[in-house]
Amino acid sequence: MFKHEKQLLKEVKVDAVNPNYAAMLQEQLGGPQGELKAAMQYLSQSFRIKDPAIKDLFMDIAAEELSHMEMIATTINMLNGHNLDANNATIGNIEAHVLTGLNPMLSNASGYLWTAAYVNETGDLAADILSNIAAEQRAKVVYEYLYRQINDKGVRDTIDFLLNREEAHNTLFREAFNKLQDTGSLRDWGITKDSKLYFDLSTPGRYFDQNDLSNMQPPHFNNPNQQQNQPQ
């Protein structure tokens with residue numbers, strides 16, 4: 001069950017109307033690294049998770065991503081203003097001017113509609129969590145690009161909050177990944193001779209040592225917060 005609370009997760013503001021930037025921000029509403037993609041990916045992945053703690057984590061983050069989507073849509077509304085104007089109909093938001101009355105569409109910055117093809121799900125927790133870690137990292141990169149291209153303090157405050165939430169989700173998924181000891185696709189990691197071979201097919205130079213594969217271990221992640229707190 002989901003419950004909608006009328007207040008936003010964090011209040012959003014803009015200093016001025018900016019339809020061109022509204023079109024750019026559409027990328028995080030309906031793009032392949034956007035909030036709707038993240039929410040639908042984590043929600044759909046959760047359907048067959050048996051571990052109650054990890055299932056809750058996926059559901060909690062998916063629900064928060066929907067709240068991020070609401071914040072982005074609200075910001076796009078503010079940036080678009082209230083008047084339909086052909087002079088403000090940039091490439092990415094033409095349909096909003098002629099079809100939806102400036103209501104933010106589920107599309108990316110170029111106007112391409114959101115698609116479920118953006119969603120990655122395998123049924124294997126290790127593979128899915130690695131996809132989610134990558135998704136959070138890519139979303140942060142997009143927010144960083146967006147942040148650099150506007151001086152509007154209100155918009156920047158919103159983006160700063162959202163990219164830091166992406167970092168939090170990334171850390172949580174990394175913690176969950178570390179709990180998957182010898183399960184699913186991590187089971188029997190690196191036990192055959194073929195898994196220990198490195199083909200040096202680039203010249204010149206050998207930058208990776210064959211011995212690096214001699215004692216293969218499943219991947220794991222350190223908690224960034226723990227690293228920061230370690231004595232220097």
# chains A, B, ... in the order shown; residues from 1 in each chain; ligands from 1
>>> closest_atom_pairs(of="region 126-187 of chain A", to="region 18-31 of chain A", cutoff="8 Å", atoms="only C-alpha atoms", output="CSV")
residue,atom,partner,partner_atom,distance
A:Ala139,CA,A:Gln28,CA,7.8
A:Val142,CA,A:Gln28,CA,7.8
A:Tyr143,CA,A:Gln28,CA,7.9
A:Leu146,CA,A:Leu25,CA,7.3
A:Ile150,CA,A:Tyr21,CA,7.9
>>> write_last_selection(atoms="C-alpha atoms", output="PDB file, in the first residue's frame")
ATOM      1  CA  ALA A 139      21.734   9.732 -11.739  1.00  0.00           C
ATOM      2  CA  VAL A 142      23.290  13.807 -14.535  1.00  0.00           C
ATOM      3  CA  TYR A 143      22.385  15.970 -11.539  1.00  0.00           C
ATOM      4  CA  LEU A 146      22.438  19.983 -14.480  1.00  0.00           C
ATOM      5  CA  ILE A 150      22.264  27.054 -13.882  1.00  0.00           C
TER       6      ILE A 150
END
>>> closest_atom_pairs(of="region 174-202 of chain A", to="region 39-53 of chain A", cutoff="12 Å", atoms="only C-alpha atoms", output="tab-separated table")
residue	atom	partner	partner_atom	distance
A:Glu175	CA	A:Ala53	CA	11.7
A:Ala176	CA	A:Ala53	CA	9.0
A:Lys179	CA	A:Ala53	CA	10.6
A:Leu180	CA	A:Asp51	CA	10.3
A:Thr183	CA	A:Asp51	CA	11.8
A:Gly184	CA	A:Ile49	CA	11.9
>>> write_last_selection(atoms="C-alpha atoms", output="PDB file, in the first residue's frame")
ATOM      1  CA  GLU A 175      25.664  -2.353   2.163  1.00  0.00           C
ATOM      2  CA  ALA A 176      22.963  -4.724   0.902  1.00  0.00           C
ATOM      3  CA  LYS A 179      25.255  -9.109   2.771  1.00  0.00           C
ATOM      4  CA  LEU A 180      24.909 -11.450  -0.213  1.00  0.00           C
ATOM      5  CA  THR A 183      24.261 -16.546  -2.906  1.00  0.00           C
ATOM      6  CA  GLY A 184      22.845 -16.439  -6.418  1.00  0.00           C
TER       7      GLY A 184
END
>>> atom_distance(atom1="CA of Ile133 (chain A)", atom2="CA of Tyr112 (chain A)")
24.7 Å
>>> closest_residue(among="A:Ala134, A:Ala16, A:Met78, A:Leu8", to="Lys153 (chain A)", atoms="only C-alpha atoms")
A:Ala16
>>> atom_distance(atom1="CA of Ala135 (chain A)", atom2="CA of Leu162 (chain A)")
13.8 Å
>>> atom_distance(atom1="CA of Ile191 (chain A)", atom2="CA of Asp124 (chain A)")
19.6 Å
>>> closest_residue(among="A:Thr158, A:Asn103, A:Asn151, A:Asn178", to="Met71 (chain A)", atoms="only C-alpha atoms")
A:Thr158
>>> select_by_dssp(residues="region 6-207 of chain A", states="alpha helix (DSSP H)", output="ChimeraX atom specification")
/A:19-25,27-30,35-46,52-80,94-98,125-148,153-178
>>> write_last_selection(atoms="C-alpha atoms", output="compact mmCIF listing (two decimals), in the first residue's frame")
# COMPACT_ATOMS: atom_id res chain seq x y z
CA PRO A 19 11.50 27.22 -19.82
CA ASN A 20 14.74 26.17 -21.51
CA TYR A 21 16.11 24.76 -18.27
CA ALA A 22 12.71 23.18 -17.54
CA ALA A 23 13.22 21.14 -20.71
CA MET A 24 16.69 20.11 -19.55
CA LEU A 25 15.37 19.04 -16.14
CA GLU A 27 15.84 14.35 -18.21
CA GLN A 28 15.49 13.48 -14.53
CA LEU A 29 11.74 13.09 -14.78
CA GLY A 30 11.43 10.70 -17.72
CA GLU A 35 13.54 9.31 -10.98
CA LEU A 36 10.68 7.40 -12.63
CA LYS A 37 13.13 4.83 -13.99
CA ALA A 38 14.67 4.35 -10.55
CA ALA A 39 11.32 3.99 -8.81
CA MET A 40 10.01 1.46 -11.32
CA GLN A 41 13.27 -0.50 -11.38
CA TYR A 42 13.51 -0.95 -7.62
CA LEU A 43 9.80 -1.65 -7.28
CA SER A 44 9.74 -4.29 -10.01
CA GLN A 45 12.93 -5.91 -8.74
CA SER A 46 11.40 -6.24 -5.26
CA PRO A 52 12.50 -9.17 4.16
CA ALA A 53 15.17 -6.60 5.04
CA ILE A 54 16.43 -6.24 1.46
CA LYS A 55 12.88 -6.24 0.09
CA ASP A 56 12.01 -3.38 2.47
CA LEU A 57 15.11 -1.50 1.36
CA PHE A 58 14.11 -1.77 -2.30
CA MET A 59 10.54 -0.68 -1.53
CA ASP A 60 11.64 2.21 0.70
CA ILE A 61 14.04 3.60 -1.90
CA ALA A 62 11.49 3.11 -4.69
CA ALA A 63 8.92 5.09 -2.69
CA GLU A 64 11.44 7.86 -2.07
CA GLU A 65 12.29 7.99 -5.78
CA LEU A 66 8.60 8.68 -6.47
CA SER A 67 8.83 11.61 -4.06
CA HIS A 68 11.90 12.83 -5.96
CA MET A 69 9.90 12.59 -9.16
CA GLU A 70 7.23 14.79 -7.57
CA MET A 71 9.88 17.36 -6.62
CA ILE A 72 11.29 17.40 -10.16
CA ALA A 73 7.84 17.77 -11.73
CA THR A 74 7.00 20.62 -9.34
CA THR A 75 10.26 22.38 -10.21
CA ILE A 76 9.60 21.95 -13.94
CA ASN A 77 6.17 23.51 -13.43
CA MET A 78 7.72 26.53 -11.72
CA LEU A 79 10.39 26.91 -14.39
CA ASN A 80 7.82 26.72 -17.20
CA ILE A 94 7.19 21.43 -27.57
CA GLU A 95 4.62 18.78 -26.71
CA ALA A 96 4.10 20.35 -23.30
CA HIS A 97 3.10 23.56 -25.12
CA VAL A 98 0.81 21.98 -27.70
CA LEU A 125 19.95 -10.04 -6.23
CA ALA A 126 23.64 -9.50 -6.90
CA ALA A 127 23.07 -8.51 -10.52
CA ASP A 128 20.10 -6.30 -9.66
CA ILE A 129 21.86 -4.51 -6.83
CA LEU A 130 24.89 -3.85 -9.03
CA SER A 131 22.49 -2.38 -11.61
CA ASN A 132 21.02 -0.18 -8.89
CA ILE A 133 24.42 1.01 -7.68
CA ALA A 134 25.25 1.98 -11.26
CA ALA A 135 21.83 3.66 -11.65
CA GLU A 136 22.38 5.81 -8.57
CA GLN A 137 25.87 6.76 -9.75
CA ARG A 138 24.62 7.72 -13.21
CA ALA A 139 21.73 9.73 -11.74
CA LYS A 140 24.21 11.66 -9.61
CA VAL A 141 26.33 12.42 -12.68
CA VAL A 142 23.29 13.81 -14.54
CA TYR A 143 22.39 15.97 -11.54
CA GLU A 144 25.97 17.26 -11.44
CA TYR A 145 25.75 18.22 -15.13
CA LEU A 146 22.44 19.98 -14.48
CA TYR A 147 23.81 21.78 -11.41
CA ARG A 148 26.71 23.28 -13.36
CA LYS A 153 19.77 29.26 -6.18
CA GLY A 154 16.40 27.61 -5.66
CA VAL A 155 17.00 25.06 -8.40
CA ARG A 156 20.53 24.44 -7.19
CA ASP A 157 19.31 23.76 -3.65
CA THR A 158 16.88 21.17 -4.97
CA ILE A 159 19.50 19.48 -7.15
CA ASP A 160 22.03 19.48 -4.32
CA PHE A 161 19.53 17.71 -2.06
CA LEU A 162 18.62 15.14 -4.71
CA LEU A 163 22.17 14.24 -5.72
CA ASN A 164 23.07 13.74 -2.05
CA ARG A 165 20.07 11.43 -1.68
CA GLU A 166 21.41 9.46 -4.66
CA GLU A 167 24.67 9.06 -2.72
CA ALA A 168 22.71 7.76 0.28
CA HIS A 169 20.89 5.21 -1.87
CA ASN A 170 24.17 4.15 -3.46
CA THR A 171 25.65 3.49 -0.02
CA LEU A 172 22.58 1.52 1.11
CA PHE A 173 22.67 -0.68 -1.98
CA ARG A 174 26.39 -1.28 -1.42
CA GLU A 175 25.66 -2.35 2.16
CA ALA A 176 22.96 -4.72 0.90
CA PHE A 177 25.34 -6.17 -1.71
CA ASN A 178 27.89 -6.99 0.99
>>> closest_residue(among="A:Asp200, A:Gln33, A:Asp152, A:Asp15", to="Asn120 (chain A)", atoms="only C-alpha atoms")
A:Gln33
>>> decode(residues="region 161-194 of chain A", atoms="N, CA and C atoms", output="PDB file, in the first residue's frame")
ATOM      1  N   PHE A 161      20.202  18.671  -2.935  1.00  0.00           N
ATOM      2  CA  PHE A 161      19.526  17.709  -2.060  1.00  0.00           C
ATOM      3  C   PHE A 161      19.365  16.362  -2.752  1.00  0.00           C
ATOM      4  N   LEU A 162      18.922  16.387  -4.003  1.00  0.00           N
ATOM      5  CA  LEU A 162      18.625  15.139  -4.709  1.00  0.00           C
ATOM      6  C   LEU A 162      19.888  14.339  -5.015  1.00  0.00           C
ATOM      7  N   LEU A 163      20.958  15.016  -5.407  1.00  0.00           N
ATOM      8  CA  LEU A 163      22.169  14.244  -5.716  1.00  0.00           C
ATOM      9  C   LEU A 163      22.775  13.652  -4.446  1.00  0.00           C
ATOM     10  N   ASN A 164      22.596  14.311  -3.308  1.00  0.00           N
ATOM     11  CA  ASN A 164      23.067  13.736  -2.046  1.00  0.00           C
ATOM     12  C   ASN A 164      22.208  12.558  -1.612  1.00  0.00           C
ATOM     13  N   ARG A 165      20.916  12.592  -1.939  1.00  0.00           N
ATOM     14  CA  ARG A 165      20.065  11.430  -1.676  1.00  0.00           C
ATOM     15  C   ARG A 165      20.476  10.253  -2.560  1.00  0.00           C
ATOM     16  N   GLU A 166      20.920  10.537  -3.803  1.00  0.00           N
ATOM     17  CA  GLU A 166      21.413   9.462  -4.661  1.00  0.00           C
ATOM     18  C   GLU A 166      22.634   8.806  -4.020  1.00  0.00           C
ATOM     19  N   GLU A 167      23.504   9.613  -3.418  1.00  0.00           N
ATOM     20  CA  GLU A 167      24.665   9.058  -2.720  1.00  0.00           C
ATOM     21  C   GLU A 167      24.241   8.158  -1.567  1.00  0.00           C
ATOM     22  N   ALA A 168      23.212   8.572  -0.829  1.00  0.00           N
ATOM     23  CA  ALA A 168      22.713   7.756   0.283  1.00  0.00           C
ATOM     24  C   ALA A 168      22.187   6.417  -0.220  1.00  0.00           C
ATOM     25  N   HIS A 169      21.425   6.448  -1.310  1.00  0.00           N
ATOM     26  CA  HIS A 169      20.885   5.205  -1.872  1.00  0.00           C
ATOM     27  C   HIS A 169      22.017   4.313  -2.359  1.00  0.00           C
ATOM     28  N   ASN A 170      23.016   4.908  -2.983  1.00  0.00           N
ATOM     29  CA  ASN A 170      24.166   4.151  -3.460  1.00  0.00           C
ATOM     30  C   ASN A 170      24.825   3.407  -2.306  1.00  0.00           C
ATOM     31  N   THR A 171      25.027   4.108  -1.192  1.00  0.00           N
ATOM     32  CA  THR A 171      25.654   3.494  -0.025  1.00  0.00           C
ATOM     33  C   THR A 171      24.795   2.362   0.533  1.00  0.00           C
ATOM     34  N   LEU A 172      23.482   2.563   0.597  1.00  0.00           N
ATOM     35  CA  LEU A 172      22.585   1.524   1.111  1.00  0.00           C
ATOM     36  C   LEU A 172      22.612   0.283   0.228  1.00  0.00           C
ATOM     37  N   PHE A 173      22.604   0.480  -1.085  1.00  0.00           N
ATOM     38  CA  PHE A 173      22.673  -0.676  -1.980  1.00  0.00           C
ATOM     39  C   PHE A 173      24.009  -1.400  -1.834  1.00  0.00           C
ATOM     40  N   ARG A 174      25.086  -0.646  -1.628  1.00  0.00           N
ATOM     41  CA  ARG A 174      26.395  -1.279  -1.419  1.00  0.00           C
ATOM     42  C   ARG A 174      26.389  -2.118  -0.145  1.00  0.00           C
ATOM     43  N   GLU A 175      25.768  -1.592   0.916  1.00  0.00           N
ATOM     44  CA  GLU A 175      25.664  -2.353   2.163  1.00  0.00           C
ATOM     45  C   GLU A 175      24.869  -3.634   1.947  1.00  0.00           C
ATOM     46  N   ALA A 176      23.779  -3.543   1.185  1.00  0.00           N
ATOM     47  CA  ALA A 176      22.963  -4.724   0.902  1.00  0.00           C
ATOM     48  C   ALA A 176      23.758  -5.745   0.086  1.00  0.00           C
ATOM     49  N   PHE A 177      24.537  -5.258  -0.880  1.00  0.00           N
ATOM     50  CA  PHE A 177      25.337  -6.166  -1.708  1.00  0.00           C
ATOM     51  C   PHE A 177      26.311  -6.962  -0.855  1.00  0.00           C
ATOM     52  N   ASN A 178      26.910  -6.310   0.140  1.00  0.00           N
ATOM     53  CA  ASN A 178      27.887  -6.987   0.991  1.00  0.00           C
ATOM     54  C   ASN A 178      27.269  -8.084   1.851  1.00  0.00           C
ATOM     55  N   LYS A 179      25.940  -8.076   1.986  1.00  0.00           N
ATOM     56  CA  LYS A 179      25.255  -9.109   2.771  1.00  0.00           C
ATOM     57  C   LYS A 179      24.989 -10.377   1.955  1.00  0.00           C
ATOM     58  N   LEU A 180      25.228 -10.315   0.656  1.00  0.00           N
ATOM     59  CA  LEU A 180      24.909 -11.450  -0.213  1.00  0.00           C
ATOM     60  C   LEU A 180      26.068 -12.433  -0.272  1.00  0.00           C
ATOM     61  N   GLN A 181      26.378 -13.062   0.836  1.00  0.00           N
ATOM     62  CA  GLN A 181      27.499 -13.973   0.893  1.00  0.00           C
ATOM     63  C   GLN A 181      27.156 -15.303   0.217  1.00  0.00           C
ATOM     64  N   ASP A 182      27.877 -15.621  -0.857  1.00  0.00           N
ATOM     65  CA  ASP A 182      27.767 -16.926  -1.507  1.00  0.00           C
ATOM     66  C   ASP A 182      26.329 -17.271  -1.892  1.00  0.00           C
ATOM     67  N   THR A 183      25.636 -16.296  -2.466  1.00  0.00           N
ATOM     68  CA  THR A 183      24.261 -16.546  -2.906  1.00  0.00           C
ATOM     69  C   THR A 183      24.115 -16.168  -4.379  1.00  0.00           C
ATOM     70  N   GLY A 184      23.147 -16.781  -5.034  1.00  0.00           N
ATOM     71  CA  GLY A 184      22.845 -16.439  -6.418  1.00  0.00           C
ATOM     72  C   GLY A 184      24.075 -16.508  -7.304  1.00  0.00           C
ATOM     73  N   SER A 185      24.267 -15.476  -8.117  1.00  0.00           N
ATOM     74  CA  SER A 185      25.380 -15.462  -9.057  1.00  0.00           C
ATOM     75  C   SER A 185      26.733 -15.254  -8.375  1.00  0.00           C
ATOM     76  N   LEU A 186      26.740 -15.006  -7.065  1.00  0.00           N
ATOM     77  CA  LEU A 186      28.004 -14.907  -6.319  1.00  0.00           C
ATOM     78  C   LEU A 186      28.458 -16.268  -5.808  1.00  0.00           C
ATOM     79  N   ARG A 187      27.592 -17.274  -5.933  1.00  0.00           N
ATOM     80  CA  ARG A 187      27.939 -18.614  -5.455  1.00  0.00           C
ATOM     81  C   ARG A 187      29.058 -19.197  -6.314  1.00  0.00           C
ATOM     82  N   ASP A 188      30.024 -19.852  -5.653  1.00  0.00           N
ATOM     83  CA  ASP A 188      31.145 -20.501  -6.355  1.00  0.00           C
ATOM     84  C   ASP A 188      31.872 -19.531  -7.279  1.00  0.00           C
ATOM     85  N   TRP A 189      32.188 -18.366  -6.754  1.00  0.00           N
ATOM     86  CA  TRP A 189      32.857 -17.331  -7.546  1.00  0.00           C
ATOM     87  C   TRP A 189      34.307 -17.715  -7.809  1.00  0.00           C
ATOM     88  N   GLY A 190      34.698 -17.754  -9.067  1.00  0.00           N
ATOM     89  CA  GLY A 190      36.105 -17.929  -9.435  1.00  0.00           C
ATOM     90  C   GLY A 190      36.693 -19.278  -9.093  1.00  0.00           C
ATOM     91  N   ILE A 191      35.955 -20.388  -9.298  1.00  0.00           N
ATOM     92  CA  ILE A 191      36.473 -21.699  -8.894  1.00  0.00           C
ATOM     93  C   ILE A 191      37.091 -22.474 -10.058  1.00  0.00           C
ATOM     94  N   THR A 192      36.862 -22.062 -11.288  1.00  0.00           N
ATOM     95  CA  THR A 192      37.432 -22.790 -12.424  1.00  0.00           C
ATOM     96  C   THR A 192      38.672 -22.072 -12.946  1.00  0.00           C
ATOM     97  N   LYS A 193      39.502 -22.821 -13.685  1.00  0.00           N
ATOM     98  CA  LYS A 193      40.731 -22.224 -14.220  1.00  0.00           C
ATOM     99  C   LYS A 193      40.418 -21.117 -15.226  1.00  0.00           C
ATOM    100  N   ASP A 194      39.278 -21.252 -15.928  1.00  0.00           N
ATOM    101  CA  ASP A 194      38.922 -20.235 -16.912  1.00  0.00           C
ATOM    102  C   ASP A 194      38.630 -18.886 -16.267  1.00  0.00           C
TER     103      ASP A 194
END
